[in-house]
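One file, my_file_2.cif, carrying mmCIF, C-alpha atoms and all ligand atoms:
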```cif
data_structure
#
loop_
_atom_site.label_atom_id
_atom_site.label_comp_id
_atom_site.auth_asym_id
_atom_site.auth_seq_id
_atom_site.Cartn_x
_atom_site.Cartn_y
_atom_site.Cartn_z
CA MET A 1 -0.94 0.38 29.54
CA GLU A 2 1.30 1.86 26.82
CA ASN A 3 2.13 -0.66 24.09
CA GLN A 4 5.69 -1.89 24.08
CA TYR A 5 5.87 -1.22 20.34
CA LYS A 6 4.39 1.46 18.11
CA VAL A 7 4.48 -0.79 15.07
CA GLU A 8 4.47 -4.58 15.03
CA LEU A 9 4.72 -6.72 11.90
CA HIS A 10 4.45 -10.49 12.15
CA ASN A 11 5.14 -12.77 9.18
CA VAL A 12 3.98 -10.15 6.71
CA THR A 13 3.92 -11.12 3.05
CA LYS A 14 2.80 -9.20 -0.02
CA GLU A 15 1.86 -10.92 -3.23
CA TYR A 16 1.16 -9.16 -6.51
CA ASP A 17 -0.82 -10.84 -9.27
CA LEU A 18 0.77 -9.88 -12.56
CA TYR A 19 -2.27 -10.12 -14.86
CA ARG A 20 -1.52 -10.20 -18.58
CA SER A 21 -4.74 -8.34 -19.44
CA ASN A 22 -7.84 -6.78 -17.86
CA ASN A 23 -9.79 -9.71 -19.25
CA ASP A 24 -7.65 -12.12 -17.19
CA LYS A 25 -8.17 -9.91 -14.13
CA LEU A 26 -11.95 -10.03 -14.52
CA LYS A 27 -11.97 -13.79 -15.12
CA HIS A 28 -9.82 -14.34 -12.05
CA PHE A 29 -12.02 -12.08 -9.91
CA PHE A 30 -15.13 -14.07 -10.82
CA ASN A 31 -13.16 -17.31 -10.66
CA ILE A 32 -14.06 -18.17 -14.26
CA GLY A 33 -11.90 -20.62 -16.18
CA ASN A 34 -8.35 -21.52 -15.35
CA VAL A 35 -6.48 -18.24 -15.65
CA ASP A 36 -2.77 -18.73 -15.19
CA VAL A 37 -1.70 -15.60 -13.32
CA PRO A 38 2.04 -15.04 -12.82
CA ARG A 39 2.69 -14.02 -9.22
CA PHE A 40 5.34 -12.04 -7.47
CA TRP A 41 6.02 -11.89 -3.74
CA SER A 42 7.26 -8.44 -2.87
CA LEU A 43 7.56 -9.47 0.81
CA LYS A 44 8.33 -13.06 1.80
CA GLY A 45 7.49 -13.02 5.52
CA VAL A 46 8.75 -9.99 7.38
CA SER A 47 8.60 -9.62 11.16
CA LEU A 48 9.68 -6.28 12.55
CA ASN A 49 8.95 -4.05 15.54
CA VAL A 50 9.41 -0.33 16.02
CA LYS A 51 9.59 1.06 19.55
CA PRO A 52 7.95 4.34 20.65
CA GLY A 53 10.30 7.26 20.04
CA GLU A 54 12.56 5.22 17.82
CA ALA A 55 13.81 6.27 14.38
CA LEU A 56 14.05 3.12 12.28
CA GLY A 57 15.79 3.26 8.91
CA ILE A 58 14.86 0.90 6.09
CA ILE A 59 17.58 0.35 3.49
CA GLY A 60 18.15 -2.01 0.59
CA ILE A 61 18.70 -2.06 -3.15
CA ASN A 62 15.99 -1.02 -5.66
CA GLY A 63 12.96 -3.28 -5.54
CA SER A 64 13.91 -4.92 -2.23
CA GLY A 65 10.51 -4.14 -0.65
CA LYS A 66 11.15 -0.94 1.33
CA SER A 67 8.19 1.04 -0.03
CA THR A 68 5.95 -2.02 0.16
CA ILE A 69 6.60 -2.17 3.91
CA SER A 70 6.08 1.57 4.44
CA ASN A 71 2.86 1.50 2.39
CA ILE A 72 1.53 -1.46 4.38
CA ILE A 73 2.34 0.20 7.71
CA SER A 74 0.62 3.40 6.64
CA GLY A 75 -2.43 1.46 5.46
CA ILE A 76 -2.13 2.44 1.78
CA ILE A 77 -2.02 -1.20 0.67
CA PRO A 78 -3.04 -4.38 2.54
CA GLN A 79 -0.66 -7.22 3.33
CA THR A 80 -1.35 -10.66 1.83
CA THR A 81 -0.74 -12.54 5.06
CA GLY A 82 0.51 -11.76 8.55
CA THR A 83 -0.44 -9.17 11.13
CA VAL A 84 0.26 -5.45 11.12
CA ASP A 85 -0.44 -3.55 14.33
CA VAL A 86 0.06 0.19 14.36
CA HIS A 87 -0.58 1.98 17.65
CA GLY A 88 -0.99 5.62 16.70
CA ASP A 89 -1.75 7.91 13.76
CA THR A 90 0.61 7.54 10.86
CA SER A 91 1.48 10.09 8.28
CA ILE A 92 3.46 9.01 5.25
CA ILE A 93 5.67 11.42 3.37
CA SER A 94 6.92 10.22 0.05
CA ILE A 95 7.51 11.90 -3.25
CA GLY A 96 4.01 12.95 -4.25
CA ALA A 97 2.29 10.02 -2.53
CA GLY A 98 -0.75 10.77 -0.44
CA LEU A 99 -1.53 13.94 -2.40
CA LYS A 100 -4.56 13.99 -4.67
CA TRP A 101 -3.25 15.34 -7.95
CA ASN A 102 -6.52 16.86 -9.16
CA LEU A 103 -7.02 18.85 -5.97
CA THR A 104 -5.27 22.13 -5.25
CA GLY A 105 -2.58 22.45 -2.59
CA ASP A 106 -5.08 24.06 -0.23
CA GLU A 107 -7.65 21.30 -0.80
CA ASN A 108 -4.96 18.70 -0.13
CA ILE A 109 -4.11 20.42 3.16
CA ARG A 110 -7.78 20.27 4.20
CA LEU A 111 -8.21 16.67 3.04
CA LYS A 112 -5.10 15.36 4.80
CA GLY A 113 -5.97 17.33 7.94
CA LEU A 114 -9.51 15.96 8.06
CA MET A 115 -8.23 12.43 7.42
CA GLN A 116 -5.88 12.85 10.36
CA GLY A 117 -8.84 13.85 12.56
CA LEU A 118 -8.14 17.61 12.77
CA SER A 119 -11.05 20.07 12.92
CA ILE A 120 -11.43 22.79 10.25
CA LYS A 121 -10.30 25.32 12.88
CA GLU A 122 -7.16 23.30 13.65
CA ILE A 123 -6.42 22.97 9.93
CA GLN A 124 -6.82 26.72 9.44
CA ALA A 125 -4.42 27.31 12.33
CA VAL A 126 -1.59 25.38 10.63
CA ARG A 127 -2.41 26.24 6.99
CA ASP A 128 -0.12 29.29 6.75
CA ASP A 129 2.76 27.43 8.41
CA ILE A 130 2.39 24.62 5.87
CA VAL A 131 2.41 27.05 2.91
CA ASP A 132 5.41 28.83 4.43
CA PHE A 133 7.34 25.62 5.08
CA ALA A 134 6.61 24.24 1.60
CA ASP A 135 7.58 27.57 0.06
CA ILE A 136 5.19 27.24 -2.88
CA GLY A 137 3.57 30.69 -2.64
CA ASP A 138 0.60 31.30 -4.93
CA PHE A 139 0.83 27.78 -6.35
CA ILE A 140 -1.10 26.64 -3.27
CA GLY A 141 -4.30 27.44 -5.19
CA GLN A 142 -3.26 25.38 -8.22
CA PRO A 143 -3.92 21.66 -8.79
CA VAL A 144 -1.06 19.52 -7.50
CA LYS A 145 -0.73 17.88 -10.95
CA ASP A 146 0.75 21.19 -12.18
CA TYR A 147 3.49 21.16 -9.52
CA SER A 148 7.08 20.09 -10.09
CA THR A 149 8.29 16.92 -8.31
CA GLY A 150 10.16 19.10 -5.80
CA MET A 151 7.08 21.20 -5.06
CA ARG A 152 4.94 18.11 -4.51
CA SER A 153 7.52 16.63 -2.21
CA ARG A 154 7.83 19.89 -0.24
CA LEU A 155 4.06 20.18 0.14
CA GLY A 156 3.76 16.50 1.15
CA PHE A 157 6.47 16.94 3.74
CA ALA A 158 5.07 20.23 5.04
CA ILE A 159 1.56 18.80 5.48
CA ALA A 160 2.80 15.63 7.14
CA VAL A 161 4.95 17.39 9.73
CA HIS A 162 2.32 19.99 10.59
CA ILE A 163 -0.63 17.66 11.17
CA ASN A 164 1.27 16.25 14.10
CA PRO A 165 1.25 12.48 13.53
CA ASP A 166 2.36 10.02 16.16
CA ILE A 167 4.31 7.97 13.68
CA MET A 168 5.96 9.58 10.71
CA ILE A 169 6.94 7.48 7.70
CA ILE A 170 9.35 9.22 5.38
CA ASP A 171 9.85 7.39 2.10
CA GLU A 172 12.60 8.89 -0.08
CA ALA A 173 11.18 12.36 0.56
CA LEU A 174 14.52 14.02 1.17
CA SER A 175 16.07 13.00 -2.11
CA VAL A 176 14.46 15.92 -3.95
CA GLY A 177 14.70 19.62 -3.14
CA ASP A 178 17.59 21.95 -2.58
CA ASP A 179 20.00 22.09 0.37
CA THR A 180 18.00 24.72 2.27
CA PHE A 181 14.83 22.65 2.15
CA TYR A 182 16.76 19.50 3.01
CA GLN A 183 18.18 21.18 6.12
CA LYS A 184 14.70 22.40 7.12
CA CYS A 185 13.42 18.82 6.83
CA VAL A 186 16.30 17.40 8.84
CA ASP A 187 15.71 20.01 11.58
CA LYS A 188 12.03 19.12 11.64
CA ILE A 189 12.78 15.40 11.88
CA MET A 190 15.23 16.08 14.73
CA GLU A 191 12.51 18.12 16.47
CA PHE A 192 10.16 15.16 16.06
CA LYS A 193 12.74 12.83 17.56
CA LYS A 194 13.16 15.15 20.55
CA GLN A 195 9.39 15.10 21.07
CA GLY A 196 9.64 11.31 21.35
CA LYS A 197 7.76 10.59 18.12
CA THR A 198 8.32 7.44 16.12
CA ILE A 199 9.95 7.71 12.71
CA ILE A 200 10.33 5.20 9.91
CA PHE A 201 12.83 6.46 7.39
CA VAL A 202 13.15 4.77 3.99
CA SER A 203 16.17 5.91 2.05
CA HIS A 204 18.99 5.04 -0.33
CA ASN A 205 21.07 7.78 1.22
CA LEU A 206 23.14 5.98 3.84
CA ARG A 207 24.55 9.22 5.26
CA GLN A 208 21.03 10.49 5.99
CA VAL A 209 20.18 7.13 7.55
CA GLU A 210 23.28 7.28 9.77
CA LEU A 211 22.42 10.83 10.81
CA LEU A 212 18.76 10.23 11.64
CA CYS A 213 18.23 6.59 12.63
CA ASP A 214 18.65 4.66 15.88
CA ARG A 215 18.21 1.26 14.25
CA VAL A 216 18.20 0.00 10.68
CA ALA A 217 16.37 -2.77 8.84
CA TRP A 218 18.04 -4.09 5.68
CA MET A 219 15.59 -5.43 3.11
CA HIS A 220 16.81 -7.76 0.37
CA PHE A 221 14.57 -9.19 -2.38
CA GLY A 222 11.51 -9.37 -0.12
CA ASP A 223 13.34 -10.65 2.97
CA LEU A 224 14.42 -8.80 6.08
CA LEU A 225 18.10 -9.70 5.90
CA GLU A 226 19.23 -7.91 9.04
CA VAL A 227 17.93 -5.52 11.66
CA GLY A 228 20.20 -3.92 14.22
CA GLU A 229 22.25 -0.95 15.35
CA THR A 230 22.59 1.70 12.65
CA LYS A 231 26.37 1.66 12.22
CA GLU A 232 26.69 -2.12 12.19
CA THR A 233 23.84 -2.74 9.74
CA VAL A 234 24.81 0.12 7.41
CA ASP A 235 28.42 -1.16 7.42
CA HIS A 236 27.25 -4.67 6.48
CA TYR A 237 25.12 -3.23 3.69
CA ARG A 238 27.99 -1.06 2.42
CA LYS A 239 30.26 -4.11 2.35
CA PHE A 240 27.65 -6.14 0.46
CA SER A 241 27.20 -3.33 -2.10
CA LYS A 242 30.95 -2.95 -2.56
CA ASP A 243 31.53 -6.70 -2.97
CA PHE A 244 28.53 -7.00 -5.30
CA LYS A 245 29.72 -4.16 -7.52
CA ALA A 246 33.15 -5.84 -7.74
CA GLN A 247 31.56 -8.94 -9.33
CA THR A 248 31.27 -9.38 -13.09
CA ALA A 249 28.15 -8.10 -14.86
CA ALA A 250 27.22 -11.70 -15.73
CA TYR A 251 27.43 -12.79 -12.07
CA ARG A 252 25.35 -9.81 -10.92
CA LYS A 253 22.68 -10.51 -13.54
CA LYS A 254 22.52 -14.21 -12.63
CA TYR A 255 22.24 -13.39 -8.93
CA GLN A 256 19.39 -10.91 -9.51
CA VAL A 257 17.49 -13.24 -11.84
CA GLY A 258 17.83 -16.06 -9.30
CA LYS A 259 16.56 -13.88 -6.45
CA LYS A 260 13.60 -12.62 -8.51
CA LYS A 261 12.75 -16.22 -9.39
CA GLU A 262 12.71 -17.09 -5.68
CA GLN A 263 10.20 -14.24 -5.23
CA ALA A 264 8.05 -15.53 -8.08
CA ASP A 265 8.18 -19.13 -6.81
CA PHE A 266 7.62 -18.31 -3.13
CA ASP A 267 5.24 -20.92 -1.69
CA ILE A 268 3.04 -19.55 1.08
CA ALA A 269 1.97 -23.05 2.21
CA ALA A 270 5.62 -24.12 2.54
CA TYR A 271 6.31 -20.90 4.48
CA GLU A 272 3.46 -21.73 6.85
CA ARG A 273 4.81 -25.26 7.37
CA GLN A 274 8.28 -23.84 8.08
CA LEU A 275 6.80 -21.45 10.70
CA VAL A 276 4.98 -24.35 12.37
CA GLU A 277 8.21 -26.41 12.53
CA GLU A 278 10.16 -23.48 14.02
CA LYS A 279 7.48 -22.63 16.59
CA ALA A 280 6.84 -26.27 17.55
CA LYS A 281 10.53 -26.64 18.55
CA ASP A 282 10.20 -23.98 21.30
CA SER A 283 6.65 -24.77 22.36
CA ASP A 284 5.21 -27.28 24.80
CA LYS A 285 1.91 -27.22 22.90
CA SER A 286 0.91 -29.99 20.50
CA LYS A 287 1.92 -29.55 16.86
CA GLN A 288 -1.77 -29.24 15.94
CA ALA A 289 -2.22 -26.36 18.40
CA VAL A 290 0.91 -24.63 17.10
CA SER A 291 -0.31 -25.13 13.54
CA ARG A 292 -3.69 -23.53 14.39
CA GLN A 293 -1.93 -20.61 16.09
CA VAL A 294 0.38 -20.01 13.11
CA HIS A 295 -2.55 -20.16 10.69
CA ARG A 296 -4.47 -17.62 12.81
CA THR A 297 -1.48 -15.25 12.85
CA LEU A 298 -1.15 -15.47 9.10
CA TYR A 299 -4.78 -14.98 8.17
CA LYS A 300 -6.68 -13.28 11.01
CA GLN A 301 -6.36 -9.77 9.51
CA ILE A 302 -6.96 -10.84 5.92
CA LEU A 303 -10.18 -10.28 4.00
CA PRO A 304 -10.92 -12.90 1.34
CA GLU A 305 -10.02 -11.50 -2.07
CA LYS A 306 -11.92 -14.01 -4.15
CA MET A 307 -15.73 -14.15 -4.14
CA THR A 308 -17.38 -16.99 -2.27
CA ILE A 309 -19.98 -19.15 -4.08
CA GLY A 310 -22.73 -17.38 -2.05
CA THR A 311 -21.58 -13.90 -3.15
CA LYS A 312 -21.39 -15.06 -6.77
CA LEU A 313 -24.97 -16.40 -6.58
CA VAL A 314 -26.26 -13.14 -5.09
CA MET A 315 -24.51 -11.18 -7.86
CA LEU A 316 -25.94 -13.47 -10.55
CA VAL A 317 -29.49 -13.08 -9.18
CA ALA A 318 -29.02 -9.29 -9.05
CA ILE A 319 -27.85 -9.20 -12.68
CA VAL A 320 -30.78 -11.40 -13.88
CA LEU A 321 -33.30 -9.23 -12.00
CA PHE A 322 -31.75 -6.06 -13.42
CA LEU A 323 -31.96 -7.41 -16.98
CA PHE A 324 -35.55 -8.60 -16.43
CA PHE A 325 -36.78 -5.21 -15.18
CA ALA A 326 -34.88 -3.39 -17.91
CA LEU A 327 -36.57 -5.58 -20.55
CA VAL A 328 -40.01 -5.12 -18.92
CA ASN A 329 -39.48 -1.37 -19.00
CA VAL A 330 -38.39 -1.30 -22.65
CA SER A 331 -41.09 -3.75 -23.83
CA GLY A 332 -43.96 -1.74 -22.34
CA HIS A 333 -45.60 -4.85 -20.81
CA SER A 334 -46.58 -5.10 -17.16
CA VAL A 335 -44.40 -7.00 -14.67
CA THR A 336 -47.26 -9.48 -14.04
CA SER A 337 -47.74 -10.31 -17.72
CA ALA A 338 -43.97 -10.69 -18.17
CA ILE A 339 -43.81 -13.12 -15.22
CA GLU A 340 -46.83 -15.09 -16.49
CA ASN A 341 -45.45 -15.26 -20.03
CA PRO A 342 -41.80 -14.17 -20.37
CA THR A 343 -41.93 -14.50 -24.19
CA VAL A 344 -43.97 -11.24 -24.33
CA LEU A 345 -40.70 -9.47 -23.62
CA LEU A 346 -39.67 -10.33 -27.19
CA HIS A 347 -42.76 -8.50 -28.53
CA PRO A 348 -42.84 -4.87 -27.37
CA VAL A 349 -46.31 -3.28 -27.25
CA ASN A 350 -47.10 -0.96 -30.16
CA HIS A 351 -48.08 2.15 -28.17
CA TYR A 352 -44.71 2.09 -26.47
CA ILE A 353 -42.87 1.91 -29.78
CA LYS A 354 -45.16 4.64 -31.16
CA SER A 355 -44.55 6.89 -28.18
CA GLN A 356 -40.84 6.41 -28.59
CA SER A 357 -40.97 7.21 -32.33
CA VAL A 358 -43.09 10.32 -31.62
CA LEU A 359 -40.48 11.34 -29.14
CA PHE A 360 -37.65 10.81 -31.60
CA ASN A 361 -39.47 12.43 -34.55
CA SER A 362 -40.31 15.49 -32.50
CA LYS A 363 -36.59 16.07 -31.75
N1 LIG B 1 1.79 -2.83 -7.95
C1 LIG B 1 2.77 -3.70 -8.15
N2 LIG B 1 2.59 -4.74 -8.98
C2 LIG B 1 3.56 -5.64 -9.18
N3 LIG B 1 4.78 -5.61 -8.58
C3 LIG B 1 5.02 -4.58 -7.74
C4 LIG B 1 4.04 -3.58 -7.48
N4 LIG B 1 4.56 -2.70 -6.60
C5 LIG B 1 5.82 -3.13 -6.32
N5 LIG B 1 6.09 -4.26 -7.00
C6 LIG B 1 7.34 -5.02 -6.97
O1 LIG B 1 7.64 -5.31 -5.62
C7 LIG B 1 9.02 -5.24 -5.40
C8 LIG B 1 9.29 -4.30 -4.23
O2 LIG B 1 8.95 -2.99 -4.62
P1 LIG B 1 9.21 -1.73 -3.65
O3 LIG B 1 8.70 -0.53 -4.36
O4 LIG B 1 8.68 -2.03 -2.31
O5 LIG B 1 10.80 -1.72 -3.58
P2 LIG B 1 11.76 -0.61 -2.99
O6 LIG B 1 12.78 -1.30 -2.17
O7 LIG B 1 10.98 0.47 -2.34
O8 LIG B 1 12.42 -0.07 -4.35
P3 LIG B 1 13.03 1.38 -4.68
O9 LIG B 1 14.26 1.52 -3.88
O10 LIG B 1 13.31 1.27 -6.13
O11 LIG B 1 11.98 2.40 -4.37
C9 LIG B 1 9.66 -4.76 -6.70
O12 LIG B 1 10.21 -5.88 -7.37
C10 LIG B 1 8.51 -4.18 -7.47
O13 LIG B 1 8.68 -4.36 -8.87
#
```
Let's see the structure in the file written out as structure tokens.
Ligand SMILES: Nc1ncnc2c1ncn2[C@@H]1O[C@H](COP(=O)(O)OP(=O)(O)OP(=O)(O)O)[C@@H](O)[C@H]1O
Amino acid sequence: MENQYKVELHNVTKEYDLYRSNNDKLKHFFNIGNVDVPRFWSLKGVSLNVKPGEALGIIGINGSGKSTISNIISGIIPQTTGTVDVHGDTSIISIGAGLKWNLTGDENIRLKGLMQGLSIKEIQAVRDDIVDFADIGDFIGQPVKDYSTGMRSRLGFAIAVHINPDIMIIDEALSVGDDTFYQKCVDKIMEFKKQGKTIIFVSHNLRQVELLCDRVAWMHFGDLLEVGETKETVDHYRKFSKDFKAQTAAYRKKYQVGKKKEQADFDIAAYERQLVEEKAKDSDKSKQAVSRQVHRTLYKQILPEKMTIGTKLVMLVAIVLFLFFALVNVSGHSVTSAIENPTVLLHPVNHYIKSQSVLFNSK
């Protein structure tokens, strides 16, 4: 049976740890000491569905969480909690993202094609069309790091539309490039729509959103503020932007600082309790059962980030063994004598030292 939705997000959050130094990062990873890590919640619990064949726009001010969502859907970054179900192959097109900068254009075409499950033959069949569409000529043999932003974007777009994904995620890709290329991209997206493919379109350009999207999600400081018909949602967003711009600079600053603080202070346990309360109201199950269900939804797709005590012990044993064998090797003693009397490791055997000095002197 065909899934009702191509993409389903339930209660998705994304937390970033803002480490002050690499040292803090290492300490936190090994759970050593009490490292106070400032946190930031880029998504504060987003639930969103995209239907097959639908073009969904994602709009919102800078830093509202649009790219975080598109990167989570395309599997580039993991969510912190919640479930993300994607039924189909995704291909993300954003400015430069997804391209390996040290590889040439041609190598990137092969890599992306293979990652999308195409055979070498299939990749060869579309290679010329990609180079043609991207219009980068001989640069195709150069490393992508030497390309201009526009060239990278054109190549990214060309690869993504030619490897025939089921779900296409376009993140600000149309904001670079000239009018001719822009029109080519729009035509290609329209062609995709006609073929019944699913499109997620992240953009600041409201006219493009109105032209291409069937529905729009409005992100605001990590929350999904509204999702609905394109015209209605874009109109609400336009009104908000206009009213916001009409406020004083001091008001705008205070509002933004307050919203960012809410993202820093977001409490995942409180969010879970709130979900339980909401679900319990409409459920005939016991509160305990609802609570278990909510917890499962939040954490069933999540891998533990911190090391368990068991893993730490295994790592410690591995490090001790490594040091022991390294010392045995350097000291020139046998493993048995080192086990019987570990202090011999502090007294390397003479012939070993001699052989080393012969080696060094002969150089
Ligand atoms: N790796 C990271 N570490 C810390 N914070 C991050 C990281 N990536 C994103 N953020 C923060 O998460 C929030 C959402 O970022 P995101 O890029 O999703 O926003 P956006 O709506 O796509 O913004 P824009 O319109 O400027 O592209 C921002 O406040 C951003 O600073």
task = Around ligand LIG 1 (chain B), at most 9 Å away and counting only C-alpha atoms and all ligand atoms, which residues are there? Put them as a ChimeraX atom specification, please.
result = /A:14-18,39-43,58-71,171-172,202-204,219-222,260,263
Nearby residues (all atoms listed in the file) at most 8 Å from A:Val50, same-chain spacing under 5 positions excluded, as a PyMOL selection string = chain A and resi 5-8+56+198
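From atom CA of A:Gln79 back to atom CA of A:Ala280, the distance works out to 24.9 Å.
The space between atom CA of A:Val349 and atom CA of A:Val328 spans 10.6 Å.
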query = Around (25.8, -4.8, 2.7) in the file's own coordinates, what residues are found within 10 Å if you use all atoms listed in the file, given back as a ChimeraX atom specification?
reply = /A:59-61,218,220,225-226,232-244
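Atom CA of A:Ile159 is found 9.2 Å from atom CA of A:Asp129.
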request  = Mind listing whatever residues come within 12 Å of the point (6.7, -10.1, 10.3)? Use only C-alpha atoms, file coordinates, and give them as a VMD selection string.
outcome  = chain A and resid 7 to 14 43 to 50 69 72 to 73 79 to 85 222 to 224 275 297 to 298
Nearest candidate to A:Pro143 (options A:Glu122, A:Asp284, A:Asp89, A:Glu107; using all atoms listed in the file) = A:Glu107
Nearest candidate to A:His162 (options A:Ala326, A:Ile120, A:Val126, A:Cys213; using only C-alpha atoms) = A:Val126
message = With only C-alpha atoms as the counted atoms, please give the residues lying no more than 8 Å from A:Val131, apart from itself and same-chain residues fewer than 5 positions off, as a VMD selection string.
response = chain A and resid 136 to 137 140 155 158
message = Can you pull out the residues contacting A:Glu210? Cut-off 9 Å, using only C-alpha atoms, and skip same-chain residues under 6 positions away; I want them as a PyMOL selection string.
response = chain A and resi 57+216+230-231+234
query = If we count only C-alpha atoms, what is near A:His295 at a cut-off of 8 Å, once residues fewer than 4 positions away on the same chain are taken out, given as a ChimeraX atom specification?
reply = /A:272,291,299
